[in-house]
file structure16.pdb (PDB, C-alpha atoms)
ATOM      1  CA  MET A 227     -10.133 -29.887   8.715
ATOM      2  CA  ALA A 228      -8.390 -31.433  11.712
ATOM      3  CA  ARG A 229      -5.280 -33.559  11.352
ATOM      4  CA  LEU A 230      -4.858 -36.861  13.200
ATOM      5  CA  THR A 231      -1.592 -38.759  13.349
ATOM      6  CA  LEU A 232      -1.479 -42.505  14.032
ATOM      7  CA  ASP A 233       1.541 -44.701  14.595
ATOM      8  CA  LEU A 234       0.834 -48.124  13.086
ATOM      9  CA  PRO A 235       2.918 -51.296  13.006
ATOM     10  CA  ASP A 236       4.123 -52.133   9.498
ATOM     11  CA  ASP A 237       1.963 -55.273   9.258
ATOM     12  CA  LEU A 238      -1.220 -53.325  10.100
ATOM     13  CA  ARG A 239      -0.304 -50.564   7.638
ATOM     14  CA  SER A 240       0.162 -53.208   4.924
ATOM     15  CA  LYS A 241      -3.232 -54.736   5.691
ATOM     16  CA  LEU A 242      -4.856 -51.299   5.637
ATOM     17  CA  GLN A 243      -3.301 -50.547   2.246
ATOM     18  CA  VAL A 244      -4.748 -53.783   0.848
ATOM     19  CA  ARG A 245      -8.203 -52.915   2.240
ATOM     20  CA  ALA A 246      -7.977 -49.358   0.891
ATOM     21  CA  ASP A 247      -7.169 -50.745  -2.561
ATOM     22  CA  GLU A 248      -9.980 -53.320  -2.349
ATOM     23  CA  THR A 249     -12.545 -50.705  -1.377
ATOM     24  CA  GLY A 250     -11.476 -48.222  -4.048
ATOM     25  CA  HIS A 251     -10.023 -45.612  -1.740
ATOM     26  CA  GLY A 252      -7.041 -43.677  -3.029
ATOM     27  CA  SER A 253      -5.126 -43.943   0.209
ATOM     28  CA  ILE A 254      -5.123 -45.437   3.682
ATOM     29  CA  GLU A 255      -6.164 -42.036   5.000
ATOM     30  CA  GLU A 256      -9.280 -41.982   2.763
ATOM     31  CA  HIS A 257     -10.142 -45.527   3.831
ATOM     32  CA  ILE A 258      -9.841 -44.714   7.541
ATOM     33  CA  ALA A 259     -11.878 -41.507   7.102
ATOM     34  CA  ALA A 260     -14.640 -43.551   5.397
ATOM     35  CA  LEU A 261     -14.585 -46.058   8.266
ATOM     36  CA  ILE A 262     -14.898 -43.259  10.803
ATOM     37  CA  ARG A 263     -17.748 -41.587   8.842
ATOM     38  CA  ALA A 264     -19.586 -44.914   8.694
ATOM     39  CA  ASP A 265     -19.038 -45.449  12.412
ATOM     40  CA  VAL A 266     -20.497 -42.068  13.362
ATOM     41  CA  GLY A 267     -23.409 -42.408  10.952
ATOM     42  CA  GLN A 268     -22.217 -40.004   8.292
ATOM     43  CA  SER A 269     -21.551 -42.244   5.307
ATOM     44  CA  ASN A 270     -20.762 -40.663   1.957
ATOM     45  CA  LEU A 271     -23.949 -42.107   0.450
ATOM     46  CA  ALA A 272     -26.080 -40.158   2.889
ATOM     47  CA  ASN A 273     -24.244 -36.842   2.830
ATOM     48  CA  GLU A 274     -22.703 -36.264  -0.575
ATOM     49  CA  ASP A 275     -24.442 -35.392  -3.811
ATOM     50  CA  HIS A 276     -22.800 -37.442  -6.544
ATOM     51  CA  GLY A 277     -25.011 -35.972  -9.254
ATOM     52  CA  ALA A 278     -27.249 -38.988  -9.763
ATOM     53  CA  PRO A 279     -30.657 -38.360 -11.308
ATOM     54  CA  GLU A 280     -33.457 -38.304  -8.739
ATOM     55  CA  HIS A 281     -34.738 -41.773  -9.705
ATOM     56  CA  LEU A 282     -31.255 -43.219  -9.074
ATOM     57  CA  THR A 283     -30.538 -41.433  -5.803
ATOM     58  CA  ILE A 284     -29.943 -43.908  -2.973
ATOM     59  CA  ARG A 285     -32.035 -43.195   0.120
ATOM     60  CA  SER A 286     -31.206 -46.231   2.283
ATOM     61  CA  ARG A 287     -29.571 -49.645   2.178
ATOM     62  CA  GLU A 288     -32.966 -51.198   1.402
ATOM     63  CA  ASN A 289     -33.459 -48.705  -1.426
ATOM     64  CA  LEU A 290     -30.028 -49.587  -2.830
ATOM     65  CA  GLU A 291     -30.791 -53.303  -2.683
ATOM     66  CA  ALA A 292     -34.133 -52.759  -4.447
ATOM     67  CA  LYS A 293     -32.400 -50.817  -7.232
ATOM     68  CA  LEU A 294     -29.802 -53.579  -7.609
ATOM     69  CA  VAL A 295     -32.495 -56.248  -7.892
ATOM     70  CA  GLU A 296     -34.370 -54.092 -10.416
ATOM     71  CA  GLY A 297     -31.211 -53.756 -12.483
ATOM     72  CA  LEU A 298     -30.491 -57.473 -12.371
ATOM     73  CA  GLN A 299     -34.032 -58.241 -13.528
ATOM     74  CA  SER A 300     -34.009 -55.730 -16.382
ATOM     75  CA  PRO A 301     -33.461 -56.985 -19.936
ATOM     76  CA  ALA A 302     -29.892 -56.803 -21.211
ATOM     77  CA  ALA A 303     -28.854 -55.855 -24.733
ATOM     78  CA  GLU A 304     -25.411 -55.864 -26.294
ATOM     79  CA  MET A 305     -23.987 -52.410 -26.987
ATOM     80  CA  THR A 306     -23.425 -51.698 -30.675
ATOM     81  CA  PRO A 307     -20.782 -49.318 -32.060
ATOM     82  CA  ALA A 308     -23.625 -46.854 -32.744
ATOM     83  CA  ASP A 309     -24.694 -47.075 -29.085
ATOM     84  CA  TRP A 310     -21.143 -46.236 -27.962
ATOM     85  CA  ASP A 311     -20.929 -43.347 -30.449
ATOM     86  CA  ASP A 312     -24.230 -41.956 -29.157
ATOM     87  CA  MET A 313     -23.052 -42.292 -25.556
ATOM     88  CA  ARG A 314     -19.797 -40.454 -26.367
ATOM     89  CA  ARG A 315     -21.730 -37.688 -28.177
ATOM     90  CA  ARG A 316     -24.114 -37.201 -25.235
ATOM     91  CA  PHE A 317     -21.183 -37.134 -22.796
ATOM     92  CA  LEU A 318     -19.354 -34.519 -24.869
ATOM     93  CA  ASP A 319     -22.531 -32.463 -25.270
ATOM     94  CA  ARG A 320     -23.124 -32.534 -21.541
ATOM     95  CA  HIS A 321     -19.548 -31.636 -20.569
ATOM     96  CA  SER A 322     -18.357 -29.362 -23.345
ATOM     97  CA  GLY A 323     -21.016 -26.681 -22.939
ATOM     98  CA  SER A 324     -20.969 -26.128 -26.693
ATOM     99  CA  GLY A 325     -23.977 -28.209 -27.695
ATOM    100  CA  SER A 326     -23.986 -30.964 -30.309
ATOM    101  CA  ARG A 327     -20.828 -32.162 -32.059
TER     102      ARG A 327
END

call {"tool": "encode", "arguments": {"input": "structure16.pdb", "output": "structure tokens"}}
result
Amino acid sequence: MARLTLDLPDDLRSKLQVRADETGHGSIEEHIAALIRADVGQSNLANEDHGAPEHLTIRSRENLEAKLVEGLQSPAAEMTPADWDDMRRRFLDRHSGSGSR
């Protein structure tokens, strides 16, 4: 990985920190790297496998928007304590490697 050093005025660095926080990046460096990837056509969505199931994998901006609309139009139900317990059990089963708990 190559290293790039930038000298920034304090006011610009402050604005970049705010934008990095707003966009969920852990640092200004991560935010700038994401901007550069997007500029050269190598966005994280297109090049990184985040482990989503095939039916939830994003293929394009249009595909993402269609999935968002589908989600907004789907029926909503309040989560019960049993639902949360089941979700925790499935998470632990999936990540513990030891089967059911």

call {"tool": "residues_around", "arguments": {"input": "structure16.pdb", "residues": "Arg229 (chain A)", "least_positions_apart": "3", "cutoff": "12 Å", "atoms": "all atoms listed in the file", "output": "list in words"}}
result
Leu232, Glu255 and Ala259 of chain A

call {"tool": "atom_distance", "arguments": {"input": "structure16.pdb", "atom1": "CA of Ser300 (chain A)", "atom2": "CA of Arg320 (chain A)"}}
result
26.1 Å

call {"tool": "residues_around", "arguments": {"input": "structure16.pdb", "residues": "region 235-247 of chain A", "least_positions_apart": "2", "cutoff": "12 Å", "atoms": "all atoms listed in the file", "output": "ChimeraX atom specification"}}
result
/A:232-233,249-261

call {"tool": "atom_distance", "arguments": {"input": "structure16.pdb", "atom1": "CA of Leu318 (chain A)", "atom2": "CA of Ala302 (chain A)"}}
result
24.9 Å

call {"tool": "atom_distance", "arguments": {"input": "structure16.pdb", "atom1": "CA of Leu282 (chain A)", "atom2": "CA of Ala303 (chain A)"}}
result
20.3 Å

call {"tool": "axis_aligned_box", "arguments": {"input": "structure16.pdb", "around": "region 294-307 of chain A", "padding_each_side": "6 Å", "output": "lines of an AutoDock Vina configuration file"}}
result
center_x = -27.6
center_y = -53.8
center_z = -19.8
size_x = 25.6
size_y = 20.9
size_z = 36.5

call {"tool": "decode", "arguments": {"input": "structure16.pdb", "residues": "region 262-322 of chain A", "atoms": "C-alpha atoms", "output": "compact mmCIF listing (two decimals), in the first residue's frame"}}
result
# COMPACT_ATOMS: atom_id res chain seq x y z
CA ILE A 262 -10.77 8.46 -4.26
CA ARG A 263 -12.14 4.92 -4.83
CA ALA A 264 -15.50 6.38 -5.85
CA ASP A 265 -13.79 8.85 -8.17
CA VAL A 266 -11.83 6.15 -9.99
CA GLY A 267 -14.81 3.82 -10.20
CA GLN A 268 -13.78 1.34 -7.53
CA SER A 269 -16.37 1.84 -4.81
CA ASN A 270 -16.46 -0.56 -1.89
CA LEU A 271 -19.92 -1.78 -2.90
CA ALA A 272 -18.60 -3.04 -6.21
CA ASN A 273 -15.35 -4.60 -5.04
CA GLU A 274 -15.73 -5.93 -1.53
CA ASP A 275 -17.64 -8.98 -0.38
CA HIS A 276 -19.44 -8.03 2.82
CA GLY A 277 -20.95 -11.48 3.24
CA ALA A 278 -24.49 -10.61 2.20
CA PRO A 279 -26.68 -13.47 0.98
CA GLU A 280 -26.96 -13.60 -2.80
CA HIS A 281 -30.50 -12.16 -2.84
CA LEU A 282 -29.26 -9.12 -0.87
CA THR A 283 -26.08 -8.49 -2.84
CA ILE A 284 -26.10 -5.02 -4.41
CA ARG A 285 -25.28 -5.04 -8.12
CA SER A 286 -25.87 -1.38 -9.02
CA ARG A 287 -27.35 1.85 -7.70
CA GLU A 288 -30.66 0.97 -9.39
CA ASN A 289 -30.58 -2.46 -7.75
CA LEU A 290 -29.96 -0.85 -4.36
CA GLU A 291 -32.85 1.56 -4.84
CA ALA A 292 -35.16 -1.31 -5.85
CA LYS A 293 -34.21 -3.24 -2.71
CA LEU A 294 -34.85 -0.16 -0.55
CA VAL A 295 -38.29 0.35 -2.08
CA GLU A 296 -39.06 -3.36 -1.59
CA GLY A 297 -38.07 -3.09 2.06
CA LEU A 298 -40.17 0.02 2.61
CA GLN A 299 -43.20 -1.69 1.07
CA SER A 300 -42.83 -4.90 3.08
CA PRO A 301 -45.08 -5.45 6.10
CA ALA A 302 -43.60 -4.48 9.45
CA ALA A 303 -44.06 -6.39 12.70
CA GLU A 304 -42.92 -5.48 16.19
CA MET A 305 -40.10 -7.65 17.53
CA THR A 306 -41.07 -9.70 20.58
CA PRO A 307 -38.64 -10.83 23.30
CA ALA A 308 -38.85 -14.33 21.77
CA ASP A 309 -37.84 -12.90 18.38
CA TRP A 310 -34.78 -11.26 19.94
CA ASP A 311 -33.87 -14.47 21.80
CA ASP A 312 -34.12 -16.44 18.55
CA MET A 313 -31.98 -13.88 16.73
CA ARG A 314 -29.32 -14.04 19.47
CA ARG A 315 -29.36 -17.87 19.37
CA ARG A 316 -28.93 -17.94 15.58
CA PHE A 317 -26.10 -15.39 15.79
CA LEU A 318 -24.30 -17.42 18.45
CA ASP A 319 -24.84 -20.65 16.50
CA ARG A 320 -23.43 -19.06 13.37
CA HIS A 321 -20.38 -17.52 15.06
CA SER A 322 -19.49 -19.96 17.82
